[in-house]
$ cat run-v6.cif   # mmCIF, C-alpha atoms and all ligand atoms
data_model
loop_
_atom_site.label_atom_id
_atom_site.label_comp_id
_atom_site.auth_asym_id
_atom_site.auth_seq_id
_atom_site.Cartn_x
_atom_site.Cartn_y
_atom_site.Cartn_z
CA VAL A 30 3.65 -14.09 -21.15
CA ASN A 31 7.37 -14.71 -20.55
CA LYS A 32 8.50 -12.76 -23.56
CA GLU A 33 11.86 -11.14 -23.99
CA ASN A 34 10.82 -7.58 -24.74
CA LEU A 35 8.38 -5.60 -22.72
CA THR A 36 6.53 -2.59 -24.09
CA LEU A 37 5.27 0.21 -21.89
CA LEU A 38 3.23 3.16 -23.14
CA MET A 39 3.16 6.32 -21.03
CA VAL A 40 0.48 8.99 -21.31
CA ASN A 41 1.63 12.18 -19.68
CA ASP A 42 -0.86 14.95 -18.94
CA TYR A 43 1.21 16.62 -16.21
CA PRO A 44 4.65 17.35 -17.71
CA ASP A 45 5.25 19.96 -14.97
CA TYR A 46 5.92 17.34 -12.37
CA ILE A 47 6.22 14.07 -14.26
CA ASP A 48 9.18 14.09 -16.64
CA PRO A 49 8.76 11.27 -19.19
CA ALA A 50 12.46 11.44 -20.11
CA GLU A 51 13.39 10.82 -16.48
CA TRP A 52 10.91 7.94 -16.16
CA SER A 53 12.08 6.42 -19.42
CA ALA A 54 15.77 6.62 -18.46
CA ALA A 55 15.21 5.31 -14.92
CA LEU A 56 13.00 2.43 -16.05
CA ARG A 57 15.36 1.41 -18.85
CA ILE A 58 18.17 1.08 -16.30
CA ARG A 59 16.04 -1.11 -14.04
CA VAL A 60 14.14 -3.14 -16.63
CA PRO A 61 16.15 -4.98 -19.27
CA ARG A 62 14.79 -5.02 -22.83
CA LEU A 63 12.13 -2.43 -22.10
CA GLU A 64 10.60 -0.54 -24.98
CA PHE A 65 9.33 2.76 -23.62
CA ARG A 66 6.80 4.64 -25.76
CA LEU A 67 5.34 8.06 -25.08
CA TRP A 68 1.80 8.86 -26.20
CA PRO A 69 0.79 9.87 -28.87
CA GLU A 70 3.71 7.87 -30.41
CA ARG A 71 1.85 4.67 -29.62
CA GLY A 72 3.24 2.34 -32.29
CA ASP A 73 1.54 -1.03 -32.80
CA PRO A 74 -1.08 -1.36 -30.04
CA ALA A 75 -0.75 -5.14 -30.15
CA ASP A 76 2.78 -4.89 -28.64
CA ILE A 77 1.78 -3.01 -25.52
CA ASP A 78 2.03 -4.85 -22.20
CA ILE A 79 1.62 -1.97 -19.77
CA VAL A 80 0.03 1.46 -19.97
CA MET A 81 0.95 4.18 -17.52
CA ILE A 82 -1.39 7.16 -17.17
CA ASP A 83 -1.57 10.13 -14.84
CA LYS A 84 -5.03 11.52 -15.61
CA GLY A 85 -7.29 9.72 -18.07
CA THR A 86 -7.39 8.22 -21.53
CA PRO A 87 -9.29 9.33 -24.64
CA PRO A 88 -12.25 7.15 -25.78
CA GLY A 89 -11.11 4.10 -27.75
CA PHE A 90 -7.60 4.40 -26.34
CA PHE A 91 -7.28 0.72 -25.44
CA GLU A 92 -8.48 -0.59 -28.85
CA GLY A 93 -6.12 -3.17 -30.33
CA MET A 94 -4.12 -3.59 -27.13
CA THR A 95 -4.59 -7.34 -27.16
CA ARG A 96 -1.55 -8.06 -25.01
CA LEU A 97 -2.24 -5.49 -22.29
CA ARG A 98 -1.80 -6.83 -18.74
CA ALA A 99 -1.80 -3.75 -16.52
CA VAL A 100 -2.67 -0.09 -16.37
CA VAL A 101 -0.67 1.92 -13.86
CA TYR A 102 -2.31 5.00 -12.48
CA LEU A 103 0.29 7.52 -11.31
CA GLY A 104 -1.66 8.58 -8.27
CA ALA A 105 -3.19 7.05 -5.17
CA GLY A 106 -6.87 7.26 -6.15
CA ILE A 107 -8.03 5.76 -9.45
CA ASP A 108 -11.26 7.72 -9.69
CA GLY A 109 -10.00 9.49 -12.85
CA LEU A 110 -10.01 6.25 -14.80
CA LEU A 111 -12.89 5.32 -17.12
CA LEU A 112 -13.27 1.69 -16.11
CA GLU A 113 -15.84 0.87 -18.84
CA ASP A 114 -13.12 1.37 -21.46
CA LEU A 115 -10.73 -1.05 -19.83
CA PRO A 116 -10.34 -4.43 -21.58
CA PRO A 117 -11.47 -7.31 -19.33
CA GLY A 118 -8.77 -9.03 -17.31
CA VAL A 119 -6.43 -6.03 -17.25
CA GLY A 120 -5.25 -5.13 -13.76
CA VAL A 121 -5.26 -1.55 -12.51
CA VAL A 122 -2.28 -0.73 -10.35
CA ARG A 123 -2.01 2.33 -8.14
CA LEU A 124 1.11 3.89 -6.77
CA ALA A 125 1.56 2.96 -3.16
CA THR A 126 4.91 4.34 -2.14
CA ARG A 127 5.92 5.49 1.29
CA GLU A 128 7.00 8.87 -0.10
CA LEU A 129 3.59 9.56 -1.60
CA ALA A 130 1.77 8.75 1.64
CA SER A 131 4.39 10.68 3.63
CA GLU A 132 3.72 13.87 1.70
CA VAL A 133 -0.01 13.68 2.41
CA VAL A 134 0.54 12.86 6.08
CA GLN A 135 2.89 15.87 6.34
CA TYR A 136 0.24 18.03 4.76
CA ILE A 137 -2.40 16.89 7.27
CA LEU A 138 -0.07 17.54 10.21
CA LEU A 139 0.95 20.91 8.79
CA ARG A 140 -2.62 22.13 8.32
CA MET A 141 -3.76 20.84 11.68
CA LEU A 142 -0.86 22.49 13.53
CA TYR A 143 -1.23 25.65 11.47
CA ARG A 144 -4.62 25.99 13.07
CA GLN A 145 -3.95 24.70 16.55
CA ARG A 146 -0.72 26.70 16.96
CA HIS A 147 -2.21 29.96 15.57
CA VAL A 148 0.35 30.36 12.77
CA ALA A 149 -1.80 32.83 10.81
CA ASP A 150 -2.52 34.90 13.94
CA TYR A 151 1.17 35.32 14.70
CA ALA A 152 1.88 36.33 11.10
CA THR A 153 -0.77 39.05 11.47
CA GLN A 154 0.54 40.13 14.87
CA GLN A 155 4.10 40.39 13.56
CA ILE A 156 3.09 42.96 10.95
CA SER A 157 2.12 45.30 13.80
CA ARG A 158 5.01 44.23 16.10
CA ILE A 159 2.55 42.75 18.58
CA TRP A 160 3.96 40.43 21.27
CA ARG A 161 0.89 38.56 22.47
CA PRO A 162 0.95 34.84 23.31
CA ILE A 163 -2.21 33.00 22.28
CA ALA A 164 -2.98 29.83 24.23
CA PRO A 165 -3.12 26.84 21.89
CA ALA A 166 -5.86 24.28 22.52
CA LYS A 167 -4.50 21.64 24.89
CA ILE A 168 -3.26 18.49 23.18
CA ASN A 169 -5.30 16.14 25.34
CA GLU A 170 -8.40 18.25 24.67
CA THR A 171 -7.97 18.30 20.89
CA ASP A 172 -9.85 15.36 19.41
CA ILE A 173 -9.13 14.19 15.90
CA VAL A 174 -10.94 11.74 13.66
CA ILE A 175 -9.46 10.50 10.43
CA LEU A 176 -11.89 9.17 7.83
CA GLY A 177 -10.04 6.37 6.04
CA ALA A 178 -7.37 4.38 7.85
CA GLY A 179 -5.26 3.09 4.98
CA ARG A 180 -1.73 4.06 4.01
CA ILE A 181 -2.40 7.74 4.59
CA GLY A 182 -5.12 7.76 7.25
CA GLY A 183 -3.54 4.98 9.31
CA TRP A 184 -0.17 6.71 9.31
CA ALA A 185 -1.69 10.07 10.26
CA ALA A 186 -3.59 8.38 13.11
CA ARG A 187 -0.41 6.74 14.46
CA LEU A 188 1.37 10.07 14.33
CA PHE A 189 -1.37 12.05 16.07
CA THR A 190 -1.78 9.52 18.86
CA GLU A 191 2.00 9.45 19.34
CA LEU A 192 1.87 13.24 19.75
CA GLY A 193 -0.79 12.81 22.45
CA TYR A 194 -3.95 13.82 20.62
CA PRO A 195 -7.08 11.74 21.33
CA THR A 196 -7.39 10.08 17.92
CA ALA A 197 -10.01 8.00 16.16
CA VAL A 198 -10.29 6.44 12.71
CA TRP A 199 -13.29 5.49 10.63
CA SER A 200 -12.90 2.83 7.95
CA ARG A 201 -14.75 -0.07 6.36
CA HIS A 202 -13.14 -2.70 8.56
CA PRO A 203 -12.18 -2.34 12.23
CA LYS A 204 -8.54 -1.38 12.87
CA GLU A 205 -6.21 -2.20 15.69
CA ILE A 206 -3.93 0.78 16.09
CA ALA A 207 -2.48 1.31 19.57
CA ASN A 208 -4.35 4.07 21.44
CA VAL A 209 -6.57 4.89 18.47
CA ALA A 210 -10.34 4.41 18.67
CA SER A 211 -11.62 2.48 15.67
CA PHE A 212 -15.03 2.93 14.09
CA SER A 213 -16.08 0.96 11.04
CA GLY A 214 -19.02 0.91 8.71
CA PRO A 215 -21.67 3.51 7.81
CA SER A 216 -23.69 2.98 11.00
CA THR A 217 -20.79 4.26 13.14
CA LEU A 218 -20.00 7.42 11.20
CA LYS A 219 -22.17 9.63 13.41
CA GLU A 220 -20.43 8.41 16.55
CA ALA A 221 -17.01 8.67 14.90
CA LEU A 222 -17.60 12.33 14.03
CA ALA A 223 -19.23 13.38 17.29
CA GLY A 224 -17.16 15.61 19.53
CA ARG A 225 -14.07 15.85 17.29
CA ASP A 226 -12.25 19.15 16.93
CA PHE A 227 -10.64 18.10 13.66
CA VAL A 228 -12.18 15.91 10.95
CA VAL A 229 -9.71 14.75 8.32
CA CYS A 230 -10.90 13.05 5.14
CA THR A 231 -8.41 10.63 3.58
CA LEU A 232 -10.99 8.41 1.89
CA PRO A 233 -10.84 7.11 -1.67
CA LEU A 234 -13.69 8.27 -3.89
CA THR A 235 -16.14 5.39 -4.34
CA ARG A 236 -19.91 4.94 -4.69
CA GLU A 237 -20.12 4.76 -0.89
CA THR A 238 -17.97 7.77 -0.06
CA ARG A 239 -19.12 10.26 -2.71
CA ASN A 240 -20.66 13.35 -1.06
CA ILE A 241 -19.97 11.98 2.42
CA LEU A 242 -19.14 15.45 3.74
CA ASN A 243 -22.58 17.02 3.50
CA ALA A 244 -25.10 19.07 5.48
CA GLU A 245 -26.21 16.04 7.49
CA THR A 246 -22.74 14.82 8.42
CA PHE A 247 -21.72 18.40 9.26
CA SER A 248 -24.64 18.46 11.70
CA TRP A 249 -23.17 15.37 13.42
CA MET A 250 -19.86 17.14 13.98
CA LYS A 251 -18.97 19.14 17.07
CA ARG A 252 -19.99 22.77 16.73
CA GLY A 253 -16.87 24.64 15.62
CA ALA A 254 -15.10 21.58 14.20
CA TYR A 255 -12.38 22.12 11.58
CA LEU A 256 -12.39 20.08 8.37
CA ILE A 257 -9.35 19.00 6.36
CA ASN A 258 -10.08 17.30 3.02
CA VAL A 259 -7.24 15.60 1.16
CA GLY A 260 -9.43 12.79 -0.26
CA ARG A 261 -11.24 13.91 -3.39
CA GLY A 262 -13.35 16.97 -4.15
CA ALA A 263 -16.47 14.90 -4.79
CA HIS A 264 -16.44 13.78 -1.15
CA LEU A 265 -17.57 17.27 -0.24
CA ASP A 266 -20.77 19.21 -0.86
CA GLU A 267 -19.04 22.58 -1.32
CA LEU A 268 -22.20 24.69 -0.98
CA ALA A 269 -23.24 22.84 2.19
CA LEU A 270 -19.76 23.59 3.55
CA VAL A 271 -20.15 27.32 2.92
CA LYS A 272 -23.48 27.22 4.74
CA ALA A 273 -22.06 25.23 7.68
CA LEU A 274 -19.22 27.76 7.96
CA ASP A 275 -21.60 30.73 7.78
CA ASP A 276 -23.81 29.13 10.46
CA GLY A 277 -20.80 28.52 12.70
CA GLN A 278 -21.38 24.77 12.69
CA LEU A 279 -17.86 24.42 11.29
CA SER A 280 -15.14 26.91 12.22
CA GLY A 281 -13.03 26.42 9.12
CA ALA A 282 -11.88 24.08 6.41
CA CYS A 283 -8.68 23.36 4.58
CA LEU A 284 -9.31 21.91 1.14
CA ASP A 285 -6.72 20.43 -1.20
CA VAL A 286 -9.16 18.78 -3.62
CA PHE A 287 -12.26 20.09 -5.40
CA SER A 288 -15.18 18.69 -7.37
CA THR A 289 -13.89 20.60 -10.40
CA GLU A 290 -10.17 21.25 -10.70
CA PRO A 291 -8.86 23.86 -11.17
CA LEU A 292 -11.41 25.45 -8.84
CA ALA A 293 -13.50 27.97 -10.80
CA SER A 294 -12.61 31.58 -10.05
CA SER A 295 -16.34 32.16 -9.41
CA SER A 296 -16.36 29.67 -6.49
CA PRO A 297 -17.37 31.28 -3.18
CA LEU A 298 -14.73 29.12 -1.50
CA TRP A 299 -11.91 31.38 -2.75
CA THR A 300 -12.99 34.37 -0.69
CA HIS A 301 -14.56 32.67 2.30
CA PRO A 302 -12.62 33.72 5.42
CA GLY A 303 -12.97 30.24 6.91
CA VAL A 304 -11.52 28.39 3.94
CA THR A 305 -7.91 27.62 3.10
CA ILE A 306 -7.30 26.42 -0.44
CA THR A 307 -4.36 24.54 -1.92
CA PRO A 308 -4.29 23.37 -5.56
CA HIS A 309 -4.21 19.56 -5.08
CA VAL A 310 -0.67 19.43 -3.79
CA ALA A 311 -0.95 17.37 -0.60
CA SER A 312 1.21 14.90 -2.46
CA TYR A 313 3.19 16.27 -5.35
CA TRP A 314 6.03 14.09 -6.62
CA VAL A 315 5.38 10.67 -8.06
CA ASP A 316 8.97 9.71 -9.03
CA SER A 317 9.11 7.47 -5.98
CA GLY A 318 6.83 5.21 -8.03
CA ILE A 319 9.56 4.39 -10.57
CA GLY A 320 10.77 1.48 -8.44
CA GLN A 321 7.23 0.16 -8.08
CA VAL A 322 6.65 0.33 -11.85
CA ALA A 323 9.97 -1.46 -12.45
CA GLU A 324 8.74 -4.27 -10.15
CA LEU A 325 5.48 -4.38 -12.07
CA CYS A 326 7.38 -4.76 -15.35
CA GLU A 327 9.15 -7.81 -13.95
CA GLN A 328 5.86 -9.24 -12.65
CA VAL A 329 4.27 -8.83 -16.09
CA ARG A 330 7.30 -10.25 -17.88
CA SER A 331 7.44 -13.33 -15.66
CA GLY A 332 3.68 -13.76 -15.55
CA SER A 333 3.70 -13.67 -11.74
CA ALA A 334 1.05 -12.12 -9.53
CA ILE A 335 0.72 -8.34 -9.83
CA THR A 336 0.95 -6.38 -6.59
CA ASN A 337 -0.82 -3.15 -5.56
CA LEU A 338 -3.84 -4.01 -7.68
CA VAL A 339 -6.93 -1.92 -7.17
CA ASP A 340 -10.04 -3.92 -6.30
CA LEU A 341 -12.25 -2.57 -9.09
CA GLU A 342 -15.45 -3.75 -7.43
CA ARG A 343 -14.61 -1.94 -4.19
CA GLY A 344 -13.24 1.07 -6.06
CA TYR A 345 -9.90 1.40 -4.20
N1 LIG A 401 -4.66 15.25 -2.16
C1 LIG A 401 -3.70 14.47 -2.61
O1 LIG A 401 -2.68 14.94 -3.13
C2 LIG A 401 -3.84 13.00 -2.45
C3 LIG A 401 -2.69 12.20 -2.57
C4 LIG A 401 -2.80 10.84 -2.37
C5 LIG A 401 -4.03 10.27 -2.06
N2 LIG A 401 -5.14 11.07 -1.98
C6 LIG A 401 -6.46 10.48 -1.66
O2 LIG A 401 -6.33 9.67 -0.50
C7 LIG A 401 -7.04 8.47 -0.71
C8 LIG A 401 -6.57 7.39 0.23
O3 LIG A 401 -5.26 6.97 -0.09
P1 LIG A 401 -4.61 5.75 0.73
O4 LIG A 401 -3.32 5.48 0.04
O5 LIG A 401 -4.61 6.01 2.19
O6 LIG A 401 -5.67 4.59 0.36
P2 LIG A 401 -5.89 3.17 1.06
O7 LIG A 401 -4.61 2.70 1.67
O8 LIG A 401 -6.54 2.33 0.03
O9 LIG A 401 -6.91 3.45 2.25
C9 LIG A 401 -8.25 3.78 2.04
C10 LIG A 401 -8.97 3.77 3.38
O10 LIG A 401 -10.30 4.24 3.18
C11 LIG A 401 -11.20 3.33 3.82
N3 LIG A 401 -12.47 3.28 3.11
C12 LIG A 401 -12.71 3.03 1.80
N4 LIG A 401 -14.03 3.02 1.54
C13 LIG A 401 -14.64 3.28 2.71
C14 LIG A 401 -15.99 3.37 3.11
N5 LIG A 401 -17.01 3.21 2.23
N6 LIG A 401 -16.28 3.63 4.40
C15 LIG A 401 -15.28 3.78 5.31
N7 LIG A 401 -13.95 3.69 5.00
C16 LIG A 401 -13.66 3.44 3.72
C17 LIG A 401 -10.51 1.99 3.74
O11 LIG A 401 -11.07 1.11 4.72
P3 LIG A 401 -10.49 -0.39 4.99
O12 LIG A 401 -9.10 -0.19 5.53
O13 LIG A 401 -11.40 -0.94 5.98
O14 LIG A 401 -10.48 -1.06 3.64
C18 LIG A 401 -9.06 2.39 4.01
O15 LIG A 401 -8.82 2.46 5.39
C19 LIG A 401 -6.83 8.20 -2.21
O16 LIG A 401 -7.82 7.33 -2.73
C20 LIG A 401 -6.96 9.58 -2.79
O17 LIG A 401 -8.31 9.88 -3.04
C21 LIG A 401 -5.05 12.40 -2.17
#
$ encode --input "run-v6.cif" --output "C-alpha cells"
Amino acid sequence: VNKENLTLLMVNDYPDYIDPAEWSAALRIRVPRLEFRLWPERGDPADIDIVMIDKGTPPGFFEGMTRLRAVVYLGAGIDGLLLEDLPPGVGVVRLATRELASEVVQYILLRMLYRQRHVADYATQQISRIWRPIAPAKINETDIVILGAGRIGGWAARLFTELGYPTAVWSRHPKEIANVASFSGPSTLKEALAGRDFVVCTLPLTRETRNILNAETFSWMKRGAYLINVGRGAHLDELALVKALDDGQLSGACLDVFSTEPLASSSPLWTHPGVTITPHVASYWVDSGIGQVAELCEQVRSGSAITNLVDLERGY
C-alpha cells in the first residue's frame, strides 16, 4: 500500500452519540494526509482504504472499493454486519478499548448490586418514610456465573471475585483467572449454570451462542436465579423468559439488548414486574475508539499487520 494519502469513509447512523465532525477533527490531527469522507458523500470508491460503520451498510455499498483494506465496526459485536457483501481479503476491525469494556462492566456491577442491595425496595420504603433494614444476601453465598470471559466477561469476573463473590466463567477455552472457576465448551454449560444466583451473559452473537438463553438452559439454572443480558438480544428467547419468570424458575431479569431494537411497545417484557429494561446503553460512548482507529490508519498506510481483527469464521 504505502501511499501518501489515506481515505476513510464514515457511515454514521447514530449521530446522537457519534459526532462525525469530532471524529474527523480528532483523526485529522492524529493521522497525517487523511482524507475523511462522510457518507453519502462517498466520492470515488476506488480511493477508499478504510470504511467505518456503526450499524450496517446498504446493499452494494462496497462496489468499486477496489483498494479497501479494513472495515471498522464502531461497537464490540460485529453481528450487525452483512459479511456476504464484504469484498474478500478485507479485515473487519472491532473497537476494543478499555473505556468501552469498562462501561459494560460498570453496568453489570450496577445491576447486580441494585438487586442484591435492595435499591428499589429502599426507594419504595422512602416514599412512605419507612425505616426498615432488609438483609442483603451474604456475599459468600451469592454465586455468579459470567457467560463469556473476554474483555468484558473476564474483567467482570475479576471484579466480582475481588469483592468476595463465588465467581465462575463459561467460555470456549479454559481460563486461568485467580479464584474464578472456569468452565469451557458446550458440554459444561449445564454445570456452569447450576446453583448460580446471578447469570450474566456477555457473549458475542454467533451461530453457537444464538438463543443460548432458552427454556432448557433456564431449567438448568438455580430456581430463583437472576439474569443479566448485555450480550445481544438474539441470545435470549424472550417468550421463554416470560414463562420462566411467571413459573418462578427465574426471579428476575435485567435486559439491555433485545432481538428487535427498539423493543416493540407491544412486548410483554415492558410491563413484566420481574423485568428491568434499558435501551442498549450498557456501553454508550465510542469516542475512546478514535485512538484505535488512528492506529489502524497507520497500519493500513504502512501495510503492516492489522490489530483487533475479528475472526470472521468464529464470528467474534
Ligand atoms: N450492551 C452493550 O452495550 C454491549 C457493549 C459492548 C459489548 N456488548 C456485547 O458483549 C460481547 C462481548 O464483548 P467482549 O469485548 O467481551 O468480547 P470478547 O473479548 O471477544 O470475548 C468474548 C467471550 O465470549 C466467549 N465465547 C464466544 N463464543 C463462545 C461460545 N460458543 N461458547 C462459549 N463462550 C464463547 C469467548 O471465549 P474464548 O475466550 O474462549 O474465546 C470470550 O471469552 C460483544 O460481542 C457484544 O455482543 C454489548
$ atom_distance --input "run-v6.cif" --atom1 "atom CA of A:Phe287" --atom2 "atom C1 of ligand LIG 401 (chain A)"
10.6 Å
$ atom_distance --input "run-v6.cif" --atom1 "atom CA of A:Ile163" --atom2 "atom CA of A:Asp276"
24.9 Å
$ closest_residue --input "run-v6.cif" --among "A:Ser53, A:Gln154, A:Ser216, A:Thr95" --to "ligand LIG 401 (chain A)" --atoms "all atoms listed in the file"
A:Ser216
$ residues_near_ligand --input "run-v6.cif" --ligand "ligand LIG 401 (chain A)" --cutoff "6 Å" --atoms "all atoms listed in the file" --output "JSON, numbers by chain"
{"A": [105, 106, 133, 177, 178, 179, 180, 181, 182, 199, 200, 201, 202, 214, 231, 232, 233, 234, 237, 238, 259, 260, 261, 285, 286, 309, 310, 311, 312, 345]}
$ closest_residue --input "run-v6.cif" --among "A:Arg127, A:Thr36, A:Asn41, A:Gly109" --to "A:Arg96" --atoms "all atoms listed in the file"
A:Thr36
$ closest_residue --input "run-v6.cif" --among "A:Asp316, A:Glu51, A:Glu327, A:Asp108" --to "A:Lys84" --atoms "only C-alpha atoms"
A:Asp108
$ closest_residue --input "run-v6.cif" --among "A:Val134, A:Leu268, A:Ala75, A:Val209" --to "A:Trp184" --atoms "only C-alpha atoms"
A:Val134
$ closest_atom_pairs --input "run-v6.cif" --of "stretch 213-307 of chain A" --to "stretch 166-175 of chain A" --cutoff "9 Å" --atoms "only C-alpha atoms" --output "tab-separated table"
residue	atom	partner	partner_atom	distance
A:Ala221	CA	A:Val174	CA	6.9
A:Leu222	CA	A:Val174	CA	6.7
A:Gly224	CA	A:Asp172	CA	7.3
A:Arg225	CA	A:Asp172	CA	4.7
A:Asp226	CA	A:Asp172	CA	5.1
A:Phe227	CA	A:Ile173	CA	4.8
A:Val228	CA	A:Val174	CA	5.1
A:Val229	CA	A:Ile175	CA	4.8
A:Cys230	CA	A:Ile175	CA	6.0
A:Thr231	CA	A:Ile175	CA	6.9
A:Leu232	CA	A:Ile175	CA	8.9
$ closest_residue --input "run-v6.cif" --among "A:Ile77, A:Ala210, A:Pro44, A:Asn337" --to "A:Glu324" --atoms "all atoms listed in the file"
A:Asn337
$ closest_residue --input "run-v6.cif" --among "A:Ala54, A:Leu103, A:Ala293, A:Leu63" --to "A:Leu129" --atoms "all atoms listed in the file"
A:Leu103
$ atom_distance --input "run-v6.cif" --atom1 "atom CA of A:Ile257" --atom2 "atom CA of A:Pro297"
17.5 Å
$ residues_around --input "run-v6.cif" --residues "A:Pro88" --least-positions-apart "3" --cutoff "10 Å" --atoms "all atoms listed in the file" --output "VMD selection string"
chain A and resid 85 91 to 92 111 114
$ residues_around --input "run-v6.cif" --residues "A:Thr305" --least-positions-apart "6" --cutoff "9 Å" --atoms "only C-alpha atoms" --output "PyMOL selection string"
chain A and resi 281-285+298-299
$ residues_near_point --input "run-v6.cif" --point "(-2.8, -6.5, -22.6)" --cutoff "9 Å" --atoms "only C-alpha atoms" --output "list in words"
Ala75, Asp76, Ile77, Asp78, Ile79, Val80, Phe91, Met94, Thr95, Arg96, Leu97, Arg98, Ala99, Val100, Pro116, Gly118 and Val119 of chain A
$ decode --input "run-v6.cif" --residues "stretch 196-255 of chain A" --atoms "C-alpha atoms" --output "mmCIF file, in the first residue's frame"
data_model
loop_
_atom_site.group_PDB
_atom_site.id
_atom_site.type_symbol
_atom_site.label_atom_id
_atom_site.label_comp_id
_atom_site.auth_asym_id
_atom_site.auth_seq_id
_atom_site.Cartn_x
_atom_site.Cartn_y
_atom_site.Cartn_z
ATOM 1 C CA THR A 196 -17.495 -16.479 40.687
ATOM 2 C CA ALA A 197 -17.374 -18.697 37.623
ATOM 3 C CA VAL A 198 -16.922 -18.069 33.912
ATOM 4 C CA TRP A 199 -18.010 -20.058 30.890
ATOM 5 C CA SER A 200 -16.139 -19.604 27.620
ATOM 6 C CA ARG A 201 -14.908 -21.552 24.610
ATOM 7 C CA HIS A 202 -11.428 -22.089 26.001
ATOM 8 C CA PRO A 203 -10.481 -22.683 29.644
ATOM 9 C CA LYS A 204 -9.400 -19.565 31.573
ATOM 10 C CA GLU A 205 -6.980 -19.100 34.395
ATOM 11 C CA ILE A 206 -8.325 -16.261 36.499
ATOM 12 C CA ALA A 207 -7.331 -16.307 40.168
ATOM 13 C CA ASN A 208 -10.173 -17.617 42.358
ATOM 14 C CA VAL A 209 -12.583 -17.936 39.433
ATOM 15 C CA ALA A 210 -13.946 -21.331 38.405
ATOM 16 C CA SER A 211 -13.566 -21.866 34.669
ATOM 17 C CA PHE A 212 -15.939 -23.884 32.508
ATOM 18 C CA SER A 213 -15.422 -24.219 28.782
ATOM 19 C CA GLY A 214 -17.298 -25.718 25.895
ATOM 20 C CA PRO A 215 -20.973 -26.592 25.356
ATOM 21 C CA SER A 216 -20.816 -29.789 27.426
ATOM 22 C CA THR A 217 -20.041 -27.796 30.599
ATOM 23 C CA LEU A 218 -22.768 -25.169 30.291
ATOM 24 C CA LYS A 219 -25.214 -27.076 32.484
ATOM 25 C CA GLU A 220 -22.667 -27.377 35.279
ATOM 26 C CA ALA A 221 -21.590 -23.750 34.856
ATOM 27 C CA LEU A 222 -25.175 -22.530 35.303
ATOM 28 C CA ALA A 223 -26.154 -24.850 38.142
ATOM 29 C CA GLY A 224 -26.571 -23.238 41.534
ATOM 30 C CA ARG A 225 -25.762 -19.649 40.488
ATOM 31 C CA ASP A 226 -27.759 -16.776 41.910
ATOM 32 C CA PHE A 227 -26.788 -14.462 39.059
ATOM 33 C CA VAL A 228 -26.259 -15.430 35.416
ATOM 34 C CA VAL A 229 -24.641 -12.706 33.326
ATOM 35 C CA CYS A 230 -24.450 -13.010 29.539
ATOM 36 C CA THR A 231 -21.521 -11.177 27.927
ATOM 37 C CA LEU A 232 -21.250 -13.446 24.887
ATOM 38 C CA PRO A 233 -20.835 -12.319 21.294
ATOM 39 C CA LEU A 234 -23.670 -13.352 18.984
ATOM 40 C CA THR A 235 -22.506 -16.265 16.832
ATOM 41 C CA ARG A 236 -24.010 -19.418 15.322
ATOM 42 C CA GLU A 237 -23.146 -21.236 18.559
ATOM 43 C CA THR A 238 -24.486 -18.680 21.019
ATOM 44 C CA ARG A 239 -27.724 -17.626 19.302
ATOM 45 C CA ASN A 240 -30.741 -18.449 21.504
ATOM 46 C CA ILE A 241 -28.498 -19.826 24.255
ATOM 47 C CA LEU A 242 -30.768 -18.400 26.959
ATOM 48 C CA ASN A 243 -33.808 -20.592 26.404
ATOM 49 C CA ALA A 244 -36.337 -22.750 28.243
ATOM 50 C CA GLU A 245 -33.877 -25.623 28.576
ATOM 51 C CA THR A 246 -30.967 -23.570 29.875
ATOM 52 C CA PHE A 247 -33.334 -21.744 32.257
ATOM 53 C CA SER A 248 -34.273 -25.173 33.641
ATOM 54 C CA TRP A 249 -30.565 -25.795 34.393
ATOM 55 C CA MET A 250 -30.359 -22.621 36.462
ATOM 56 C CA LYS A 251 -30.966 -22.426 40.193
ATOM 57 C CA ARG A 252 -34.615 -21.791 40.990
ATOM 58 C CA GLY A 253 -34.935 -18.054 41.564
ATOM 59 C CA ALA A 254 -31.782 -17.119 39.638
ATOM 60 C CA TYR A 255 -31.495 -13.571 38.269
#
